[in-house]
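Peer 1: So here's target28.txt (compact mmCIF, C-alpha atoms).
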# COMPACT_ATOMS: atom_id res chain seq x y z
CA MET A 677 -50.51 8.75 -25.38
CA PRO A 678 -48.46 5.50 -25.07
CA GLU A 679 -45.79 7.05 -27.33
CA ALA A 680 -45.45 10.05 -24.97
CA ILE A 681 -45.12 7.75 -21.97
CA ARG A 682 -42.46 5.72 -23.77
CA ARG A 683 -40.52 8.91 -24.65
CA LEU A 684 -40.84 10.12 -21.07
CA GLY A 685 -39.50 6.76 -19.85
CA ILE A 686 -36.55 6.96 -22.24
CA ALA A 687 -35.83 10.56 -21.24
CA THR A 688 -35.91 9.79 -17.53
CA SER A 689 -33.74 6.71 -18.07
CA ASN A 690 -31.18 8.83 -19.98
CA LEU A 691 -31.32 11.50 -17.28
CA HIS A 692 -30.78 8.88 -14.58
CA ARG A 693 -27.85 7.35 -16.48
CA GLY A 694 -26.29 10.80 -16.95
CA MET A 695 -26.70 11.65 -13.26
CA ARG A 696 -25.17 8.31 -12.25
CA ASP A 697 -22.23 8.79 -14.63
CA THR A 698 -21.65 12.30 -13.30
CA ALA A 699 -21.84 11.13 -9.69
CA ASP A 700 -19.44 8.26 -10.45
CA ALA A 701 -16.96 10.64 -12.11
CA VAL A 702 -17.11 13.15 -9.24
CA GLY A 703 -16.77 10.34 -6.69
CA GLN A 704 -13.75 8.92 -8.51
CA VAL A 705 -12.08 12.34 -8.59
CA LEU A 706 -12.71 12.81 -4.85
CA VAL A 707 -11.35 9.34 -4.00
CA ASP A 708 -8.26 9.88 -6.16
CA ALA A 709 -7.70 13.32 -4.64
CA PHE A 710 -7.93 11.86 -1.14
CA HIS A 711 -5.47 9.09 -2.05
CA PHE A 712 -2.96 11.54 -3.48
CA VAL A 713 -3.23 13.97 -0.56
CA ALA A 714 -3.00 11.16 1.99
CA LEU A 715 -0.02 9.59 0.21
CA PHE A 716 1.71 12.95 -0.06
CA VAL A 717 1.20 13.51 3.67
CA ILE A 718 2.48 10.01 4.47
CA GLY A 719 5.50 10.48 2.20
CA ALA A 720 6.30 13.93 3.58
CA THR A 721 5.93 12.72 7.16
CA THR A 722 8.20 9.77 6.46
CA VAL A 723 10.88 11.99 4.91
CA TRP A 724 10.56 14.42 7.82
CA SER A 725 10.94 11.57 10.33
CA ALA A 726 13.93 10.13 8.45
CA VAL A 727 15.64 13.52 8.39
CA ALA A 728 14.96 14.00 12.12
CA ALA A 729 16.36 10.53 12.88
CA PHE A 730 19.42 11.23 10.75
CA ILE A 731 20.01 14.58 12.48
CA GLY A 732 19.74 12.78 15.82
CA MET A 733 22.38 10.30 14.68
CA VAL A 734 24.68 13.09 13.55
CA ALA A 735 24.19 14.93 16.84
CA GLN A 736 24.96 11.72 18.72
CA GLY A 737 28.13 11.26 16.69
CA ARG A 738 27.35 7.65 15.81
CA ALA A 739 24.69 5.42 14.34
CA SER A 740 23.82 2.06 15.82
CA LEU A 741 22.65 -0.89 13.79
CA GLY A 742 19.11 -0.21 15.04
CA ASP A 743 19.35 3.37 13.73
CA ILE A 744 20.47 2.15 10.32
CA LEU A 745 17.62 -0.37 10.22
CA LEU A 746 15.24 2.47 11.10
CA LEU A 747 16.50 4.39 8.07
CA PHE A 748 15.90 1.28 5.95
CA MET A 749 12.32 1.18 7.23
CA TYR A 750 11.85 4.80 6.21
CA LEU A 751 13.32 3.99 2.80
CA GLU A 752 10.87 1.11 2.31
CA ILE A 753 7.92 3.32 3.26
CA VAL A 754 8.99 6.03 0.80
CA ALA A 755 9.52 3.39 -1.91
CA MET A 756 6.08 1.92 -1.21
CA VAL A 757 4.44 5.36 -1.47
CA GLY A 758 6.35 6.07 -4.69
CA ILE A 759 5.26 2.79 -6.22
CA TYR A 760 1.65 3.51 -5.31
CA PHE A 761 1.90 6.98 -6.91
CA LYS A 762 3.22 5.45 -10.14
CA THR A 763 1.12 2.29 -10.40
CA THR A 764 -1.86 2.75 -8.02
CA ARG A 765 -0.93 -0.66 -6.59
CA LEU A 766 0.08 -1.10 -2.98
CA PRO A 767 2.94 -3.59 -2.81
CA VAL A 768 2.16 -5.79 0.18
CA ARG A 769 5.66 -7.22 0.10
CA TYR A 770 7.07 -3.85 1.16
CA LEU A 771 4.88 -3.90 4.25
CA ILE A 772 6.27 -7.32 5.07
CA TYR A 773 9.83 -6.07 4.49
CA ILE A 774 9.13 -3.22 6.90
CA ALA A 775 7.79 -5.68 9.47
CA ILE A 776 10.87 -7.90 9.07
CA THR A 777 13.15 -4.90 9.52
CA ALA A 778 11.20 -3.75 12.59
CA LEU A 779 11.42 -7.22 14.11
CA SER A 780 15.14 -7.28 13.35
CA ARG A 781 15.50 -4.05 15.31
CA VAL A 782 13.60 -5.62 18.19
CA LEU A 783 15.82 -8.71 18.04
CA ILE A 784 18.97 -6.58 18.09
CA GLU A 785 17.68 -4.60 21.06
CA ILE A 786 16.75 -7.77 22.96
CA VAL A 787 20.11 -9.44 22.38
CA GLY A 788 22.26 -6.32 22.64
CA ALA A 789 20.76 -4.38 25.49
CA GLU A 790 19.25 -6.99 27.75
CA HIS A 791 21.48 -9.98 26.96
CA ARG A 792 18.50 -12.31 27.15
CA THR A 793 18.50 -15.62 25.40
CA GLY A 794 15.06 -16.86 26.32
CA ILE A 795 11.77 -17.48 24.63
CA ASP A 796 11.40 -13.86 23.46
CA ILE A 797 14.31 -14.24 21.04
CA LEU A 798 12.80 -17.45 19.72
CA VAL A 799 9.42 -15.76 19.22
CA VAL A 800 10.89 -12.80 17.34
CA ALA A 801 13.11 -15.02 15.20
CA SER A 802 10.12 -17.25 14.41
CA ALA A 803 8.08 -14.21 13.41
CA ILE A 804 10.87 -13.12 11.05
CA LEU A 805 11.00 -16.61 9.57
CA LEU A 806 7.22 -16.66 9.10
CA LEU A 807 7.23 -13.25 7.40
CA SER A 808 10.10 -14.38 5.16
CA PHE A 809 8.04 -17.40 4.17
CA ALA A 810 5.09 -15.07 3.44
CA VAL A 811 7.31 -13.05 1.07
CA LEU A 812 8.35 -16.27 -0.63
CA VAL A 813 4.72 -17.31 -1.08
CA LEU A 814 3.75 -13.87 -2.44
CA ARG A 815 6.66 -13.83 -4.88
CA PHE A 816 5.88 -17.36 -6.05
CA GLY A 817 2.19 -16.52 -6.40
CA SER A 818 2.81 -13.33 -8.35
CA HIS A 819 5.23 -15.16 -10.64
CA ARG A 820 3.02 -18.20 -11.13
CA PHE A 821 -0.28 -16.29 -11.40
CA PRO A 822 0.57 -12.83 -12.75
CA SER A 823 -2.08 -10.14 -12.62
CA ASP A 824 -2.10 -7.73 -15.54
CA SER A 825 -4.14 -4.98 -13.97
CA PRO A 826 -6.01 -5.44 -10.71
CA ALA A 827 -7.47 -1.93 -11.09
CA ALA A 828 -9.29 -3.14 -14.21
CA ASP A 829 -11.37 -5.44 -12.00
CA LEU A 830 -12.81 -2.40 -10.26
CA GLN A 831 -13.91 -0.65 -13.45
CA PRO A 832 -17.33 -1.53 -14.89
CA ASN A 833 -17.29 -3.75 -17.94
CA LYS A 834 -18.18 -1.76 -21.07
CA ALA A 835 -19.87 -4.79 -22.63
CA LYS A 836 -22.27 -5.06 -19.70
CA GLN A 837 -23.21 -1.38 -19.97
CA THR A 838 -24.09 -1.51 -23.64
CA SER A 839 -26.36 -4.53 -23.41
Just give me the structure of the file as structure tokens.
Peer 2:
Amino acid sequence: MPEAIRRLGIATSNLHRGMRDTADAVGQVLVDAFHFVALFVIGATTVWSAVAAFIGMVAQGRASLGDILLLFMYLEIVAMVGIYFKTTRLPVRYLIYIAITALSRVLIEIVGAEHRTGIDILVVASAILLLSFAVLVLRFGSHRFPSDSPAADLQPNKAKQTS
């Protein structure tokens, strides 16, 4: 009788492990599928917006510096999506580059259109300086403390599973 109970315990443990492995595999496929679909939608929307902005510039017959910076922002977003597709890593620096470019557009609009020279220019310029410093810190940190594969931290350790 104790032998049958032990076998039943082993069988249920194996069944549970198999169910958990199957659920983990299905969950991983669903998460990856969502990431790829969402990134494809973001990339396609960005390209669509960039084309629409470019067509607007052509229709206008000229492109301002703000328009060109907008195209650079679109380029950074597409590059960020492309890097994530290839490496499954989201480069935070690109988000900061986009923020710096957006603030540069704001600064150009403030100075060019409104001819203001007050505190708002100082605030935007300080924000750009702070974001530039953040890029410097990130670059120094990634050079000084390189990370081989952050995705490996998310995967279960095989040695822990076998013991």
Peer 1: Show me as a short mmCIF file (atom, residue, chain, number, x, y, z; two decimals) with C-alpha atoms, keeping the file's coordinate frame the residues that reach within 10 Å of (17.1, -8.4, 15.2), counting only C-alpha atoms and using the file's own coordinates.
Peer 2:
data_model
loop_
_atom_site.label_atom_id
_atom_site.label_comp_id
_atom_site.auth_asym_id
_atom_site.auth_seq_id
_atom_site.Cartn_x
_atom_site.Cartn_y
_atom_site.Cartn_z
CA LEU A 741 22.65 -0.89 13.79
CA GLY A 742 19.11 -0.21 15.04
CA LEU A 745 17.62 -0.37 10.22
CA ILE A 776 10.87 -7.90 9.07
CA THR A 777 13.15 -4.90 9.52
CA ALA A 778 11.20 -3.75 12.59
CA LEU A 779 11.42 -7.22 14.11
CA SER A 780 15.14 -7.28 13.35
CA ARG A 781 15.50 -4.05 15.31
CA VAL A 782 13.60 -5.62 18.19
CA LEU A 783 15.82 -8.71 18.04
CA ILE A 784 18.97 -6.58 18.09
CA GLU A 785 17.68 -4.60 21.06
CA ILE A 786 16.75 -7.77 22.96
CA VAL A 787 20.11 -9.44 22.38
CA GLY A 788 22.26 -6.32 22.64
CA ILE A 797 14.31 -14.24 21.04
CA VAL A 800 10.89 -12.80 17.34
CA ALA A 801 13.11 -15.02 15.20
CA ILE A 804 10.87 -13.12 11.05
#
Peer 1: Rounded to one decimal in Å, what is the spacing between atom CA of Ile753 of chain A and atom CA of Ala775 of chain A?
Peer 2: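 Separation of atom CA of Ile753 of chain A and atom CA of Ala775 of chain A: 10.9 Å.
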Peer 1: How many Å lie between atom CA of Val754 of chain A and atom CA of His819 of chain A, rounded to one decimal?
Peer 2: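 Atom CA of His819 of chain A lies at a distance of 24.4 Å from atom CA of Val754 of chain A.
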Peer 1: For each of A:Leu715, A:Ile681, A:Ala701, A:Val799, take the minimum atom-to-atom distance to Leu766 of chain A, counting only C-alpha atoms, then give the residue where this is smallest.
Peer 2: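 Smallest separation from Leu766 of chain A among the options: A:Leu715.
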Peer 1: At what distance in Å, to one decimal, does atom CA of Leu747 of chain A lie from atom CA of Ala726 of chain A?
Peer 2: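 Computed distance, atom CA of Ala726 of chain A to atom CA of Leu747 of chain A, equals 6.3 Å.
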Peer 1: Could you check which of A:Val727, A:Val757, A:Val768, A:Val717 is closest to Arg815 of chain A, using all atoms listed in the file?
Peer 2: A:Val768
Peer 1: I'd like the neighbourhood of Glu752 of chain A as number ranges by chain, where a residue qualifies if any of its atoms comes within 8 Å (using only C-alpha atoms), though same-chain residues fewer than 5 positions away should be ignored.
Peer 2: A: 770, 773-774
Peer 1: Filtering to all heavy atoms, could segment 712-723 of chain A of the supplied structure be written out as a compact mmCIF listing (two decimals), in the first residue's frame?
Peer 2:
# COMPACT_ATOMS: atom_id res chain seq x y z
N PHE A 712 5.35 41.11 -30.41
CA PHE A 712 5.61 41.28 -31.84
C PHE A 712 4.48 42.02 -32.53
O PHE A 712 4.72 42.90 -33.36
CB PHE A 712 5.88 39.94 -32.51
CG PHE A 712 7.23 39.38 -32.18
CD1 PHE A 712 7.37 38.08 -31.77
CD2 PHE A 712 8.38 40.16 -32.25
CE1 PHE A 712 8.61 37.54 -31.45
CE2 PHE A 712 9.63 39.65 -31.93
CZ PHE A 712 9.74 38.33 -31.54
N VAL A 713 3.25 41.70 -32.21
CA VAL A 713 2.11 42.40 -32.82
C VAL A 713 2.11 43.86 -32.40
O VAL A 713 1.95 44.76 -33.23
CB VAL A 713 0.77 41.71 -32.45
CG1 VAL A 713 -0.42 42.57 -32.83
CG2 VAL A 713 0.68 40.35 -33.14
N ALA A 714 2.32 44.11 -31.11
CA ALA A 714 2.33 45.49 -30.62
C ALA A 714 3.48 46.28 -31.25
O ALA A 714 3.29 47.44 -31.66
CB ALA A 714 2.42 45.52 -29.10
N LEU A 715 4.65 45.68 -31.34
CA LEU A 715 5.78 46.38 -31.95
C LEU A 715 5.57 46.62 -33.43
O LEU A 715 5.93 47.68 -33.96
CB LEU A 715 7.08 45.60 -31.72
CG LEU A 715 7.66 45.71 -30.33
CD1 LEU A 715 8.81 44.74 -30.15
CD2 LEU A 715 8.12 47.12 -30.05
N PHE A 716 4.96 45.66 -34.11
CA PHE A 716 4.65 45.85 -35.52
C PHE A 716 3.67 47.01 -35.69
O PHE A 716 3.84 47.85 -36.58
CB PHE A 716 4.09 44.57 -36.14
CG PHE A 716 3.75 44.73 -37.59
CD1 PHE A 716 4.75 44.74 -38.55
CD2 PHE A 716 2.44 44.88 -38.00
CE1 PHE A 716 4.45 44.91 -39.89
CE2 PHE A 716 2.12 45.03 -39.33
CZ PHE A 716 3.13 45.06 -40.27
N VAL A 717 2.66 47.07 -34.85
CA VAL A 717 1.68 48.16 -34.92
C VAL A 717 2.36 49.50 -34.63
O VAL A 717 2.11 50.49 -35.33
CB VAL A 717 0.50 47.90 -33.95
CG1 VAL A 717 -0.37 49.13 -33.78
CG2 VAL A 717 -0.33 46.72 -34.44
N ILE A 718 3.21 49.54 -33.61
CA ILE A 718 3.92 50.78 -33.28
C ILE A 718 4.82 51.19 -34.45
O ILE A 718 4.85 52.36 -34.84
CB ILE A 718 4.74 50.62 -31.98
CG1 ILE A 718 3.80 50.51 -30.78
CG2 ILE A 718 5.71 51.78 -31.80
CD1 ILE A 718 4.49 50.08 -29.50
N GLY A 719 5.56 50.24 -34.99
CA GLY A 719 6.44 50.54 -36.13
C GLY A 719 5.67 51.01 -37.35
O GLY A 719 6.04 52.00 -37.99
N ALA A 720 4.58 50.32 -37.67
CA ALA A 720 3.77 50.71 -38.83
C ALA A 720 3.14 52.08 -38.63
O ALA A 720 3.10 52.91 -39.55
CB ALA A 720 2.70 49.65 -39.09
N THR A 721 2.66 52.34 -37.42
CA THR A 721 2.06 53.65 -37.13
C THR A 721 3.10 54.76 -37.22
O THR A 721 2.81 55.85 -37.73
CB THR A 721 1.43 53.64 -35.72
OG1 THR A 721 0.47 52.58 -35.66
CG2 THR A 721 0.75 54.95 -35.41
N THR A 722 4.29 54.49 -36.76
CA THR A 722 5.37 55.48 -36.83
C THR A 722 5.73 55.77 -38.27
O THR A 722 5.90 56.94 -38.66
CB THR A 722 6.60 54.99 -36.05
OG1 THR A 722 6.22 54.70 -34.70
CG2 THR A 722 7.69 56.02 -36.05
N VAL A 723 5.86 54.73 -39.09
CA VAL A 723 6.18 54.93 -40.51
C VAL A 723 5.06 55.70 -41.19
O VAL A 723 5.30 56.64 -41.96
CB VAL A 723 6.45 53.58 -41.20
CG1 VAL A 723 6.53 53.74 -42.71
CG2 VAL A 723 7.73 52.96 -40.66
